[in-house]
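Below: one structure, written as structure tokens.
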Amino acid sequence: MQAPDRPFLQRLMSWPRWRTTLGAASVPFVLFSFTWQAGHQVLAYRIYLTAIACLLLFTLLEQWPRRLPRRVARWVLQALLVTAIVPPLMAFWYWFGTEPGAPPFYKVPQRMEGFFALSFLGVIVTHWTALAALFRERDARIVQAERARGELEREAVSARLRQLQAQVEPHFLFNTLANVQALVDAGSPQASPVLASLVAYLRAAVPRLNQSSHLLGQELEMTQAYLHLMQLRMPDRLQYRVYADPAAAQLACPPMTLLTLVENAVRHGIDPSLAGGRIEVAVRLEGGRCRMSVRDTGVGLQPGSKGLGTGLATLRERLRLMFGDAASVRLSEVQPHGVLAEVELPA
């Protein structure tokens, strides 16, 4: 058991330690006060000064000696020495309280009985109090260490999420800007309204992209804005529908969870199809789980395709970091053509 880092005086003057020490010392004081004949003030200083001396030794041994042999545990040394000091201290108080010319206390049977009784009960109370304090401090250190480890783990996950988010942002933005450029190059009259919609969308979306998580309601707003953009770009080739349970709006999710699925549906499903297609977005709560689905009627999974791009792989990693094994991403083909992408996570 390692010694705490707090200064000696700060540990010694800790109120919980004094409260425990004085409370433990009150046990023998109350028990002996009914039969004590030498005055309660004598009993009080013998018991309470012994308890304070034990507290001082207990605190001192937390950092001194600085180094101990490997086979000697500091907590064992504390428990043994704090307990062993009680009989010598009690003998000192009896010797100090002997009047001049009177026989030593060990020659007076009645005083010896009191000495043995006080020493025996003092050893028991001190020993169990010291052990209780040691175990309590050990538990406090364990809790503190768990909190520190949890904080480090959260920081590591947050850093990883930010890194993955940095990969997603240019992936999404470059794809969208490429669509606008294609309209401008073609001289399409849709270029101006699409660009205006893109600017309005980015003003709302970009500040949220740097967050490690946000609400699903915000994700749905971004998704609808993106689909509106894409419909302006290809009004004759894209239709869409978005449905969501109202209660799902307050759930937390990584930014661009739903948007990544929709973007993949547009880029890999609708864009390559000469006839275009339809995208249906649904968010439902079922059995304590949130299920998001994006179904498109595009070209579907092509033979030899290795997947739907880096966005989906990054999304899987972000969900794993945030939810562990409680989240999943699935892809399946839709007949006669198309793809169904599903994300499931705890509600």
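By convention here, the chains of the structure tokens are called A, B, ... in the order presented, each chain's residues are numbered starting at 1, and ligands are numbered starting at 1 in the order presented.
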
In stretch 9-230 of chain A, DSSP alpha helix (DSSP H) residues written as a VMD selection string: chain A and resid 9 to 12 15 to 33 40 to 60 74 to 84 86 to 96 109 to 186 191 to 209 216 to 230

Which of stretch 174-253 of chain A fall in strand (DSSP E), as a PyMOL selection string: chain A and resi 214-215+238-244+252-253

d(atom CA of A:Val86, atom CA of A:Ala44) in Å: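 Value for the atom CA of A:Val86-atom CA of A:Ala44 distance: 14.8 Å.
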
Stretch 323-338 of chain A environment, 10 Å, only C-alpha atoms, sequence neighbours closer than 3 positions dropped, as an NGL selection string: :A and (253-254 or 261 or 265 or 268-270 or 277-279 or 289-302 or 307-308 or 312-313 or 315-320 or 341-346)
